[in-house]
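As provided, entry.tsv (TSV, C-alpha atoms) reads as follows.
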chain	number	residue	atom	x	y	z
A	1	MET	CA	-86.21	-158.18	-177.26
A	2	THR	CA	-87.00	-160.89	-174.69
A	3	VAL	CA	-89.59	-163.58	-175.14
A	4	LEU	CA	-91.77	-161.89	-172.54
A	5	SER	CA	-91.54	-158.55	-174.34
A	6	ARG	CA	-92.41	-160.20	-177.64
A	7	ARG	CA	-95.34	-161.88	-175.98
A	8	ARG	CA	-96.50	-158.56	-174.50
A	9	SER	CA	-96.11	-156.85	-177.89
A	10	ALA	CA	-98.16	-159.56	-179.51
A	11	GLU	CA	-100.80	-159.29	-176.79
A	12	SER	CA	-100.97	-155.51	-177.18
A	13	ALA	CA	-101.28	-155.79	-180.94
A	14	ALA	CA	-104.00	-158.38	-180.50
A	15	ILE	CA	-105.92	-156.21	-178.04
A	16	LEU	CA	-105.65	-152.95	-179.93
A	17	PRO	CA	-104.79	-152.62	-183.63
A	18	GLY	CA	-101.76	-150.40	-184.17
A	19	ALA	CA	-100.42	-150.91	-180.61
A	20	VAL	CA	-96.62	-150.69	-180.38
A	21	ARG	CA	-94.47	-151.47	-177.36
A	22	VAL	CA	-90.87	-150.32	-177.00
A	23	GLY	CA	-89.34	-151.52	-173.73
A	24	ARG	CA	-91.55	-150.17	-170.92
A	25	LEU	CA	-93.21	-147.67	-173.27
A	26	SER	CA	-96.27	-148.42	-175.35
A	27	PHE	CA	-98.34	-146.34	-177.72
A	28	VAL	CA	-100.90	-146.70	-180.46
A	29	ARG	CA	-99.92	-145.89	-184.01
A	30	ARG	CA	-102.72	-144.00	-185.74
A	31	PRO	CA	-101.81	-142.95	-189.32
A	32	ALA	CA	-104.61	-140.36	-189.52
A	33	VAL	CA	-103.41	-138.62	-186.33
A	34	ILE	CA	-99.80	-138.65	-187.53
A	35	LEU	CA	-100.91	-137.14	-190.85
A	36	VAL	CA	-102.84	-134.30	-189.16
A	37	VAL	CA	-99.95	-133.54	-186.79
A	38	ALA	CA	-97.57	-133.47	-189.76
A	39	LEU	CA	-99.89	-131.08	-191.62
A	40	LEU	CA	-100.06	-128.81	-188.55
A	41	ALA	CA	-96.25	-128.80	-188.37
A	42	VAL	CA	-96.01	-127.92	-192.05
A	43	ALA	CA	-98.56	-125.12	-191.61
A	44	LEU	CA	-96.60	-123.73	-188.65
A	45	CYS	CA	-93.31	-123.78	-190.61
A	46	THR	CA	-95.01	-122.08	-193.57
A	47	LEU	CA	-96.48	-119.33	-191.40
A	48	PHE	CA	-93.09	-118.92	-189.71
A	49	CYS	CA	-91.45	-118.18	-193.08
A	50	VAL	CA	-94.35	-115.95	-194.19
A	51	ASP	CA	-94.13	-113.96	-190.95
A	52	ILE	CA	-90.43	-113.34	-191.58
A	53	ALA	CA	-91.04	-112.46	-195.24
A	54	THR	CA	-93.70	-109.83	-194.53
A	55	GLY	CA	-92.95	-106.30	-193.41
A	56	SER	CA	-92.00	-102.89	-194.76
A	57	THR	CA	-89.49	-104.64	-197.05
A	58	ALA	CA	-91.14	-107.77	-198.41
A	59	LEU	CA	-88.93	-110.74	-199.23
A	60	PRO	CA	-89.75	-113.82	-201.35
A	61	LEU	CA	-90.12	-117.05	-199.38
A	62	GLY	CA	-87.26	-118.56	-201.35
A	63	ARG	CA	-84.98	-115.71	-200.27
A	64	VAL	CA	-86.01	-116.19	-196.63
A	65	LEU	CA	-85.15	-119.90	-196.80
A	66	ASP	CA	-81.85	-119.03	-198.46
A	67	VAL	CA	-80.92	-116.63	-195.66
A	68	LEU	CA	-81.99	-119.11	-192.97
A	69	GLY	CA	-79.75	-121.65	-194.68
A	70	GLY	CA	-76.73	-119.34	-194.44
A	71	GLY	CA	-76.95	-117.42	-197.75
A	72	GLY	CA	-78.18	-113.97	-198.74
A	73	THR	CA	-76.63	-110.51	-198.81
A	74	ARG	CA	-75.63	-108.53	-195.73
A	75	SER	CA	-78.81	-106.43	-195.83
A	76	GLN	CA	-81.03	-109.49	-196.30
A	77	ARG	CA	-79.32	-111.27	-193.41
A	78	PHE	CA	-79.86	-108.21	-191.22
A	79	ILE	CA	-83.56	-108.04	-192.09
A	80	VAL	CA	-84.18	-111.75	-191.61
A	81	LEU	CA	-81.85	-112.75	-188.77
A	82	ASP	CA	-81.56	-109.59	-186.69
A	83	SER	CA	-84.88	-107.84	-187.29
A	84	ARG	CA	-87.61	-110.43	-187.95
A	85	LEU	CA	-86.38	-113.82	-186.74
A	86	PRO	CA	-86.68	-112.99	-182.98
A	87	ARG	CA	-90.26	-111.80	-183.56
A	88	ALA	CA	-91.30	-114.96	-185.43
A	89	LEU	CA	-89.54	-117.29	-182.96
A	90	THR	CA	-91.18	-115.51	-180.03
A	91	GLY	CA	-94.57	-115.89	-181.68
A	92	VAL	CA	-94.01	-119.63	-182.15
A	93	VAL	CA	-92.72	-120.21	-178.60
A	94	VAL	CA	-95.39	-118.11	-176.90
A	95	GLY	CA	-98.17	-119.67	-178.97
A	96	MET	CA	-96.97	-123.22	-178.27
A	97	ALA	CA	-96.61	-122.48	-174.55
A	98	LEU	CA	-100.14	-121.07	-174.34
A	99	GLY	CA	-101.55	-123.96	-176.37
A	100	ILE	CA	-100.01	-126.76	-174.32
A	101	ALA	CA	-100.78	-124.94	-171.05
A	102	GLY	CA	-104.42	-124.70	-172.08
A	103	ALA	CA	-104.46	-128.40	-172.94
A	104	LEU	CA	-103.07	-129.29	-169.51
A	105	THR	CA	-105.57	-127.19	-167.54
A	106	GLN	CA	-108.53	-128.38	-169.59
A	107	SER	CA	-107.46	-132.03	-169.29
A	108	VAL	CA	-106.82	-131.90	-165.53
A	109	LEU	CA	-110.01	-129.98	-164.71
A	110	HIS	CA	-112.21	-131.85	-167.26
A	111	ASN	CA	-113.66	-128.61	-168.56
A	112	PRO	CA	-113.16	-126.97	-171.99
A	113	LEU	CA	-113.61	-123.56	-170.37
A	114	ALA	CA	-110.75	-124.12	-167.92
A	115	ALA	CA	-108.25	-122.05	-169.91
A	116	PRO	CA	-105.67	-119.78	-168.25
A	117	ASP	CA	-107.52	-116.72	-169.61
A	118	VAL	CA	-110.82	-117.75	-168.06
A	119	LEU	CA	-109.27	-118.84	-164.75
A	120	GLY	CA	-107.63	-115.44	-164.26
A	121	ILE	CA	-103.99	-116.57	-164.54
A	122	THR	CA	-103.35	-114.20	-167.44
A	123	SER	CA	-105.09	-111.33	-165.62
A	124	GLY	CA	-103.00	-111.99	-162.50
A	125	ALA	CA	-99.83	-111.76	-164.58
A	126	GLY	CA	-101.21	-108.63	-166.22
A	127	LEU	CA	-101.97	-106.95	-162.90
A	128	GLY	CA	-98.44	-107.63	-161.67
A	129	ALA	CA	-96.82	-106.16	-164.78
A	130	VAL	CA	-99.19	-103.19	-164.96
A	131	THR	CA	-98.49	-102.31	-161.33
A	132	VAL	CA	-94.77	-102.07	-162.12
A	133	LEU	CA	-95.10	-100.33	-165.50
A	134	ALA	CA	-97.67	-97.79	-164.35
A	135	GLY	CA	-95.88	-97.09	-161.08
A	136	SER	CA	-92.40	-96.57	-162.50
A	137	GLY	CA	-91.02	-93.66	-164.42
A	138	GLY	CA	-87.95	-91.57	-165.21
A	139	ALA	CA	-84.65	-93.42	-164.90
A	140	ALA	CA	-86.37	-96.57	-163.60
A	141	THR	CA	-88.49	-97.00	-166.74
A	142	GLY	CA	-85.99	-99.07	-168.71
A	143	LEU	CA	-85.16	-101.34	-165.78
A	144	ALA	CA	-88.82	-101.76	-164.92
A	145	ALA	CA	-89.71	-102.73	-168.48
A	146	ALA	CA	-86.78	-105.13	-168.87
A	147	VAL	CA	-86.77	-106.91	-165.50
A	148	GLY	CA	-89.44	-105.67	-163.10
A	149	ALA	CA	-92.51	-106.14	-165.29
A	150	PRO	CA	-91.70	-109.72	-166.44
A	151	LEU	CA	-90.82	-110.74	-162.88
A	152	ALA	CA	-94.00	-109.14	-161.53
A	153	ALA	CA	-96.03	-110.90	-164.24
A	154	VAL	CA	-94.65	-114.29	-163.26
A	155	LEU	CA	-95.27	-113.65	-159.56
A	156	GLY	CA	-98.76	-112.34	-160.33
A	157	GLY	CA	-99.66	-115.46	-162.30
A	158	LEU	CA	-98.33	-117.83	-159.65
A	159	GLY	CA	-100.01	-115.88	-156.85
A	160	THR	CA	-103.33	-115.92	-158.66
A	161	ALA	CA	-103.13	-119.68	-159.19
A	162	GLY	CA	-102.37	-120.18	-155.50
A	163	LEU	CA	-105.28	-117.95	-154.47
A	164	ILE	CA	-107.75	-119.78	-156.73
A	165	TYR	CA	-106.59	-123.17	-155.47
A	166	PHE	CA	-106.90	-122.02	-151.86
A	167	LEU	CA	-110.41	-120.61	-152.36
A	168	ALA	CA	-111.52	-123.74	-154.24
A	169	TRP	CA	-110.32	-126.05	-151.48
A	170	GLY	CA	-113.18	-127.63	-149.55
A	171	ARG	CA	-115.24	-130.73	-148.89
A	172	ARG	CA	-116.75	-132.54	-151.86
A	173	ARG	CA	-120.10	-134.27	-152.08
A	174	SER	CA	-118.36	-137.60	-151.61
A	175	GLY	CA	-116.98	-136.39	-148.28
A	176	ASP	CA	-113.39	-136.09	-149.50
A	177	VAL	CA	-111.46	-132.86	-149.00
A	178	GLY	CA	-110.02	-131.23	-152.11
A	179	THR	CA	-111.02	-129.27	-155.18
A	180	THR	CA	-113.23	-129.95	-158.16
A	181	GLY	CA	-112.93	-128.72	-161.73
A	182	ILE	CA	-116.19	-126.79	-161.82
A	183	ARG	CA	-115.40	-125.13	-158.47
A	184	LEU	CA	-112.00	-124.00	-159.76
A	185	VAL	CA	-113.54	-122.63	-162.94
A	186	LEU	CA	-116.28	-120.68	-161.15
A	187	ILE	CA	-113.89	-119.22	-158.58
A	188	GLY	CA	-111.40	-118.47	-161.36
A	189	ILE	CA	-114.04	-116.50	-163.26
A	190	GLY	CA	-114.78	-114.44	-160.16
A	191	VAL	CA	-111.09	-113.84	-159.41
A	192	ASN	CA	-110.54	-112.89	-163.06
A	193	SER	CA	-113.21	-110.19	-162.78
A	194	LEU	CA	-111.59	-108.81	-159.63
A	195	LEU	CA	-108.16	-108.74	-161.27
A	196	LEU	CA	-109.50	-106.96	-164.36
A	197	ALA	CA	-111.04	-104.37	-162.06
A	198	GLY	CA	-107.68	-104.05	-160.30
A	199	ILE	CA	-105.94	-103.46	-163.65
A	200	ASN	CA	-108.41	-100.73	-164.57
A	201	TRP	CA	-108.09	-99.13	-161.13
A	202	THR	CA	-104.28	-99.13	-161.44
A	203	LEU	CA	-104.47	-97.47	-164.85
A	204	VAL	CA	-106.84	-94.78	-163.57
A	205	ARG	CA	-104.62	-94.03	-160.57
A	206	SER	CA	-101.38	-93.76	-162.58
A	207	ASP	CA	-100.08	-90.74	-164.52
A	208	PHE	CA	-100.43	-90.42	-168.28
A	209	ALA	CA	-96.98	-91.79	-169.17
A	210	GLY	CA	-97.30	-94.79	-166.87
A	211	ALA	CA	-100.80	-95.59	-168.08
A	212	ALA	CA	-99.63	-95.39	-171.71
A	213	ARG	CA	-96.77	-97.86	-171.05
A	214	ALA	CA	-99.06	-100.26	-169.24
A	215	GLN	CA	-101.84	-100.01	-171.82
A	216	ARG	CA	-99.41	-100.73	-174.64
A	217	TRP	CA	-98.16	-103.85	-172.83
A	218	LEU	CA	-101.71	-105.01	-172.15
A	219	THR	CA	-102.51	-105.19	-175.88
A	220	GLY	CA	-100.10	-108.12	-176.31
A	221	SER	CA	-97.64	-107.34	-179.08
A	222	LEU	CA	-94.65	-109.01	-180.73
A	223	ASP	CA	-93.18	-105.65	-181.79
A	224	ASP	CA	-90.65	-105.55	-178.93
A	225	ALA	CA	-89.67	-109.22	-179.14
A	226	THR	CA	-85.93	-109.81	-178.83
A	227	GLY	CA	-83.60	-112.59	-177.87
A	228	ALA	CA	-83.88	-111.46	-174.24
A	229	THR	CA	-87.67	-111.91	-174.25
A	230	LEU	CA	-87.46	-115.17	-176.20
A	231	ALA	CA	-85.07	-117.02	-173.88
A	232	PRO	CA	-87.29	-117.19	-170.74
A	233	ALA	CA	-90.32	-118.18	-172.82
A	234	ALA	CA	-88.32	-120.95	-174.50
A	235	VAL	CA	-87.17	-122.27	-171.11
A	236	ALA	CA	-90.76	-122.23	-169.84
A	237	LEU	CA	-91.94	-124.08	-172.95
A	238	ALA	CA	-89.24	-126.73	-172.49
A	239	LEU	CA	-90.30	-127.13	-168.84
A	240	VAL	CA	-93.99	-127.59	-169.56
A	241	VAL	CA	-93.26	-129.99	-172.45
A	242	ALA	CA	-91.03	-132.10	-170.18
A	243	VAL	CA	-93.67	-132.23	-167.45
A	244	ALA	CA	-96.38	-133.08	-169.98
A	245	LEU	CA	-94.37	-135.92	-171.50
A	246	ILE	CA	-93.49	-137.35	-168.10
A	247	SER	CA	-97.14	-137.17	-167.04
A	248	ALA	CA	-98.61	-138.54	-170.28
A	249	ARG	CA	-99.89	-141.70	-168.58
A	250	THR	CA	-101.39	-139.63	-165.75
A	251	LEU	CA	-103.22	-137.42	-168.24
A	252	ALA	CA	-104.61	-140.49	-169.98
A	253	ALA	CA	-105.82	-141.82	-166.62
A	254	LEU	CA	-107.39	-138.47	-165.67
A	255	ARG	CA	-109.66	-138.67	-168.70
A	256	LEU	CA	-111.32	-141.70	-167.10
A	257	GLY	CA	-112.48	-139.65	-164.11
A	258	THR	CA	-111.27	-138.99	-160.58
A	259	ASP	CA	-112.35	-142.28	-159.02
A	260	SER	CA	-110.94	-144.38	-161.86
A	261	THR	CA	-107.67	-142.46	-161.68
A	262	ARG	CA	-107.28	-143.28	-157.99
A	263	MET	CA	-108.10	-146.92	-158.62
A	264	LEU	CA	-105.21	-147.01	-161.11
A	265	GLY	CA	-102.83	-145.95	-158.33
A	266	VAL	CA	-102.25	-142.37	-159.46
A	267	ARG	CA	-101.43	-139.83	-156.73
A	268	LEU	CA	-104.18	-137.50	-157.80
A	269	ARG	CA	-103.47	-134.33	-155.80
A	270	SER	CA	-99.72	-134.22	-156.35
A	271	GLN	CA	-100.08	-134.96	-160.07
A	272	GLN	CA	-102.78	-132.33	-160.49
A	273	ALA	CA	-100.64	-129.78	-158.64
A	274	LEU	CA	-97.62	-130.65	-160.83
A	275	LEU	CA	-99.52	-130.32	-164.12
A	276	ILE	CA	-101.40	-127.15	-163.15
A	277	GLY	CA	-98.19	-125.63	-161.74
A	278	ALA	CA	-96.30	-126.28	-164.98
A	279	ALA	CA	-99.14	-124.74	-166.99
A	280	VAL	CA	-99.23	-121.66	-164.75
A	281	VAL	CA	-95.47	-121.12	-165.06
A	282	ALA	CA	-95.66	-121.43	-168.86
A	283	VAL	CA	-98.55	-118.98	-169.15
A	284	SER	CA	-97.00	-116.48	-166.73
A	285	VAL	CA	-93.62	-116.45	-168.50
A	286	ALA	CA	-95.24	-116.26	-171.94
A	287	THR	CA	-97.40	-113.36	-170.79
A	288	ALA	CA	-94.39	-111.65	-169.26
A	289	ALA	CA	-92.58	-111.87	-172.61
A	290	VAL	CA	-95.11	-110.18	-174.89
A	291	GLY	CA	-98.13	-109.23	-172.78
A	292	PRO	CA	-101.47	-111.05	-172.58
A	293	ILE	CA	-102.48	-112.79	-175.82
A	294	ALA	CA	-106.07	-113.73	-175.18
A	295	PHE	CA	-107.95	-116.94	-175.99
A	296	VAL	CA	-105.03	-118.92	-177.48
A	297	GLY	CA	-104.99	-121.22	-174.43
A	298	LEU	CA	-108.75	-121.68	-174.76
A	299	VAL	CA	-109.07	-122.11	-178.53
A	300	ALA	CA	-105.96	-124.12	-179.45
A	301	PRO	CA	-106.75	-127.31	-177.44
A	302	GLN	CA	-110.35	-127.40	-178.66
A	303	VAL	CA	-109.40	-126.86	-182.31
A	304	ALA	CA	-106.68	-129.52	-182.08
A	305	ARG	CA	-109.09	-131.93	-180.40
A	306	ARG	CA	-111.56	-131.57	-183.25
A	307	LEU	CA	-108.89	-131.85	-185.94
A	308	LEU	CA	-107.36	-134.98	-184.41
A	309	ARG	CA	-110.72	-136.39	-183.25
A	310	SER	CA	-109.12	-137.08	-179.89
A	311	PRO	CA	-111.09	-138.04	-176.73
A	312	GLY	CA	-109.04	-135.47	-174.76
A	313	GLU	CA	-107.03	-132.35	-175.43
A	314	PRO	CA	-103.93	-133.46	-177.43
A	315	LEU	CA	-100.68	-131.93	-176.18
A	316	ILE	CA	-98.60	-131.83	-179.37
A	317	GLY	CA	-101.56	-130.81	-181.52
A	318	SER	CA	-102.51	-128.06	-179.05
A	319	ALA	CA	-98.96	-126.69	-179.02
A	320	LEU	CA	-98.75	-126.63	-182.83
A	321	THR	CA	-102.20	-125.05	-183.10
A	322	GLY	CA	-101.24	-122.39	-180.54
A	323	GLY	CA	-98.20	-121.42	-182.59
A	324	ILE	CA	-100.31	-121.32	-185.75
A	325	LEU	CA	-102.90	-119.07	-184.09
A	326	VAL	CA	-100.33	-116.54	-182.84
A	327	LEU	CA	-98.36	-116.37	-186.09
A	328	GLY	CA	-101.55	-116.30	-188.19
A	329	ALA	CA	-102.95	-113.46	-186.09
A	330	ASP	CA	-99.66	-111.57	-186.37
A	331	ILE	CA	-99.64	-111.90	-190.17
A	332	LEU	CA	-103.32	-110.95	-190.33
A	333	ALA	CA	-102.69	-107.86	-188.19
A	334	ARG	CA	-99.70	-106.67	-190.22
A	335	VAL	CA	-100.69	-107.54	-193.78
A	336	LEU	CA	-104.39	-108.03	-194.32
A	337	LEU	CA	-105.89	-105.42	-192.00
A	338	PRO	CA	-105.79	-101.73	-193.02
A	339	VAL	CA	-104.36	-100.79	-189.59
A	340	ASP	CA	-101.33	-102.42	-187.96
A	341	LEU	CA	-102.73	-103.94	-184.75
A	342	PRO	CA	-101.08	-105.87	-181.89
A	343	VAL	CA	-101.52	-109.61	-182.14
A	344	GLY	CA	-103.39	-109.71	-178.81
A	345	ILE	CA	-106.25	-107.62	-180.19
A	346	VAL	CA	-106.66	-109.94	-183.19
A	347	THR	CA	-106.72	-113.11	-181.05
A	348	ALA	CA	-109.23	-111.47	-178.69
A	349	ALA	CA	-111.49	-110.56	-181.62
A	350	LEU	CA	-111.32	-114.10	-183.03
A	351	GLY	CA	-111.48	-115.90	-179.66
A	352	GLY	CA	-114.62	-114.15	-178.40
A	353	PRO	CA	-116.96	-115.83	-180.93
A	354	PHE	CA	-115.28	-119.20	-180.26
A	355	LEU	CA	-115.98	-118.80	-176.54
A	356	LEU	CA	-119.66	-118.16	-177.32
A	357	TYR	CA	-119.65	-121.27	-179.53
A	358	LEU	CA	-118.26	-123.36	-176.66
A	359	LEU	CA	-120.86	-121.98	-174.23
A	360	VAL	CA	-123.69	-122.80	-176.65
A	361	LEU	CA	-122.26	-126.29	-177.23
A	362	ILE	CA	-121.94	-127.00	-173.49
A	363	ASN	CA	-125.46	-125.69	-172.83
A	364	ARG	CA	-126.87	-127.84	-175.63
A	365	LYS	CA	-125.22	-130.98	-174.22
A	366	ALA	CA	-126.53	-130.17	-170.74
A	367	THR	CA	-130.12	-129.84	-171.97
A	368	LEU	CA	-130.13	-133.01	-174.10

Representation of the structure as structure tokens:
Amino acid sequence: MTVLSRRRSAESAAILPGAVRVGRLSFVRRPAVILVVALLAVALCTLFCVDIATGSTALPLGRVLDVLGGGGTRSQRFIVLDSRLPRALTGVVVGMALGIAGALTQSVLHNPLAAPDVLGITSGAGLGAVTVLAGSGGAATGLAAAVGAPLAAVLGGLGTAGLIYFLAWGRRRSGDVGTTGIRLVLIGIGVNSLLLAGINWTLVRSDFAGAARAQRWLTGSLDDATGATLAPAAVALALVVAVALISARTLAALRLGTDSTRMLGVRLRSQQALLIGAAVVAVSVATAAVGPIAFVGLVAPQVARRLLRSPGEPLIGSALTGGILVLGADILARVLLPVDLPVGIVTAALGGPFLLYLLVLINRKATL
């Protein structure tokens, strides 16, 4: 370490307790935050093992860990590795992708309601997949379900994001040309309503078999999760994590406001487009894998923010919380409820009251 680096480290430590500088990187060490993140990781690993252990043939957690470590009988290895592991891994990856995507959109747009579900990204992906599933049949059904529907979901999500951004483009009060967070949210809510109407219209126009396939996909279920559905979602998660880590300093600057961000030399429009684009890709691919799982992108960042007492939506905490929400809802649907329900229905039932809580909280702050 050079003398200058040592001097900078000493200056950082003097300015902010817990500040650490490694080369060109610097961060603040907060033991309480590290402890909460570690507890979230432990909770996610525990739910991951519980999700594998539960099912028609229950296994002890110790046996699950033994099989994951390379032991177990042939039948136990089949149950754990071939039957249940892809489902649990898909739940973790999809939940983390939705959580970190929600954190990115809420941070960039400065609005806790700016989740992919509310903006219509999920509905756009749903309309694309439903159009393919409800319009295909006979010999094309398998191909449509395996390739056409996921591809249509991704294109639908990306197209919806482009449409919302185009409609939100205009002149601001300051005279600048661009978009604002509240304008994107309001237009996204309107586009979401139109897309939901389009989904219902497509279901009504299709035959019984096509409507049944589309309706089953729309519930959001991990039942059909395989290695083929897991791989694209894992790639999308890796992409959004890489973009988020690269743009960590930009996200920190965005929390100071638009004008302050520009004063710090950040290319605002290109960085916003990069972060929102990564979030849209992650949500679209995750939705294409298992269907729409509602409210995870909305709830996870806000829960993580409260747990970590962070000024903004934490990325790692949001990802871990998203995985916990999806796996917890899957276990709740399969074990505790009298009827086996898709995970998307459980998250929708739990996320609705949280959305009302956020609306009441925002309204209360506005009236104070």

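Atom CA of Ile324 of chain A sits 20.3 Å away from atom CA of Pro60 of chain A.
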
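With all atoms listed in the file as the atoms that count, the minimum distance from Thr180 of chain A to the choices A:Ala294, A:Leu268, A:Ala248, A:Val50 is reached by A:Leu268.
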
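Closest approach to Ser310 of chain A from the set A:Val36, A:Ala101, A:Leu127, A:Leu167 is made by A:Val36, with distances taken over all atoms listed in the file.
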
Which residue of A:Gln302, A:Ser75, A:Ser284, A:Gln271 approaches Ala233 of chain A most closely, using all atoms listed in the file | A:Ser284

For the point (-100.0, -124.0, -180.0) in the file's frame, write as an NGL selection string all residues with an atom no more than 7 Å away, counting only C-alpha atoms.
-> :A and (95-100 or 300 or 318-324)

Would you mind listing what lies within 10 Å of Arg269 of chain A as a PyMOL selection string, with only C-alpha atoms counted and same-chain residues fewer than 4 positions away left out?
-> chain A and resi 178-179+262+273-274

Find the residues near Phe48 of chain A: any atom within 12 Å, counting only C-alpha atoms, skip ones fewer than 6 places away on the same chain, and give them as a ChimeraX atom specification.
-> /A:41-42,54,61,64-65,68,80,84-93,95,320,323-331

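Put simply, atom CA of Gly352 of chain A is 9.7 Å away from atom CA of Val299 of chain A.
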
Taken to one decimal, the atom CA of Gly126 of chain A-atom CA of Gly162 of chain A distance is 15.8 Å

Excluding Pro116 of chain A and any residue of its chain fewer than 4 positions from it, enumerate the residues within 9 Å of it, using only C-alpha atoms, and give them as an MDAnalysis selection string.
-> chainID A and resid 98 101:102 105 120:123 279:280 283 295 297:298

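Near (-96.0, -128.6, -163.7), the residues that fall inside 10 Å on the basis of all atoms listed in the file are Ala101, Leu104, Leu239, Val240, Val241, Ala242, Val243, Ala244, Ser247, Ser270, Gln271, Gln272, Ala273, Leu274, Leu275, Ile276, Gly277, Ala278, Ala279, Val280, Val281 and Ala282 of chain A.
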
Counting all atoms listed in the file, closest pick from A:Ala349, A:Val33, A:Ile199, A:Leu81 relative to Ala214 of chain A is A:Ile199

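Proximity to Pro31 of chain A was assessed for A:Leu256, A:Leu315, A:Leu308, A:Val303 counting all atoms listed in the file; the smallest distance is recorded for A:Leu308.
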
Which of A:Val285, A:Ile34, A:Leu218, A:Ala252 sits closest to Asn200 of chain A [using all atoms listed in the file] =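 Ranked by minimum distance to Asn200 of chain A, first place goes to A:Leu218.
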
Within 9 Å of Ala114 of chain A, counting only C-alpha atoms, which residues qualify if same-chain residues fewer than 4 places away don't, as a list in words?
->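 Contacts, with the query itself left out: Gly102, Thr105, Gln106, Ser107, Leu109, His110, Val118, Leu119, Gly181, Ile182, Leu184, Val185, Gly188 and Leu298 of chain A.
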
Output file for the selection above: C-alpha atoms, as an mmCIF file, in the frame of the given file:
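Once written, selection-v9.cif looks like this:
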data_model
loop_
_atom_site.group_PDB
_atom_site.id
_atom_site.type_symbol
_atom_site.label_atom_id
_atom_site.label_comp_id
_atom_site.auth_asym_id
_atom_site.auth_seq_id
_atom_site.Cartn_x
_atom_site.Cartn_y
_atom_site.Cartn_z
ATOM 1 C CA GLY A 102 -104.420 -124.700 -172.080
ATOM 2 C CA THR A 105 -105.570 -127.190 -167.540
ATOM 3 C CA GLN A 106 -108.530 -128.380 -169.590
ATOM 4 C CA SER A 107 -107.460 -132.030 -169.290
ATOM 5 C CA LEU A 109 -110.010 -129.980 -164.710
ATOM 6 C CA HIS A 110 -112.210 -131.850 -167.260
ATOM 7 C CA VAL A 118 -110.820 -117.750 -168.060
ATOM 8 C CA LEU A 119 -109.270 -118.840 -164.750
ATOM 9 C CA GLY A 181 -112.930 -128.720 -161.730
ATOM 10 C CA ILE A 182 -116.190 -126.790 -161.820
ATOM 11 C CA LEU A 184 -112.000 -124.000 -159.760
ATOM 12 C CA VAL A 185 -113.540 -122.630 -162.940
ATOM 13 C CA GLY A 188 -111.400 -118.470 -161.360
ATOM 14 C CA LEU A 298 -108.750 -121.680 -174.760
#

Got a minute to add N, CA, C and O atoms to segment 162-171 of chain A and dump it as a CSV table (one decimal), in the frame of the given file?
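The file below, result-v1.csv, is the result:
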chain,number,residue,atom,x,y,z
A,162,GLY,N,-102.3,-119.7,-156.9
A,162,GLY,CA,-102.4,-120.2,-155.5
A,162,GLY,C,-103.6,-119.7,-154.8
A,162,GLY,O,-104.2,-120.5,-154.0
A,163,LEU,N,-104.1,-118.5,-155.1
A,163,LEU,CA,-105.3,-118.0,-154.5
A,163,LEU,C,-106.5,-118.7,-154.9
A,163,LEU,O,-107.4,-119.1,-154.1
A,164,ILE,N,-106.6,-119.0,-156.2
A,164,ILE,CA,-107.8,-119.8,-156.7
A,164,ILE,C,-107.8,-121.2,-156.1
A,164,ILE,O,-108.9,-121.7,-155.7
A,165,TYR,N,-106.6,-121.8,-156.0
A,165,TYR,CA,-106.6,-123.2,-155.5
A,165,TYR,C,-107.0,-123.2,-154.0
A,165,TYR,O,-107.7,-124.0,-153.5
A,166,PHE,N,-106.5,-122.1,-153.3
A,166,PHE,CA,-106.9,-122.0,-151.9
A,166,PHE,C,-108.4,-121.8,-151.7
A,166,PHE,O,-109.0,-122.4,-150.8
A,167,LEU,N,-109.0,-120.9,-152.5
A,167,LEU,CA,-110.4,-120.6,-152.4
A,167,LEU,C,-111.3,-121.8,-152.8
A,167,LEU,O,-112.4,-122.0,-152.3
A,168,ALA,N,-110.7,-122.6,-153.8
A,168,ALA,CA,-111.5,-123.7,-154.2
A,168,ALA,C,-111.4,-125.0,-153.3
A,168,ALA,O,-112.1,-126.0,-153.5
A,169,TRP,N,-110.5,-124.9,-152.4
A,169,TRP,CA,-110.3,-126.0,-151.5
A,169,TRP,C,-111.5,-126.2,-150.5
A,169,TRP,O,-112.0,-125.2,-149.9
A,170,GLY,N,-112.0,-127.4,-150.4
A,170,GLY,CA,-113.2,-127.6,-149.6
A,170,GLY,C,-113.6,-129.1,-149.6
A,170,GLY,O,-113.0,-129.9,-150.2
A,171,ARG,N,-114.7,-129.4,-149.0
A,171,ARG,CA,-115.2,-130.7,-148.9
A,171,ARG,C,-116.2,-131.0,-150.1
A,171,ARG,O,-117.0,-130.2,-150.4
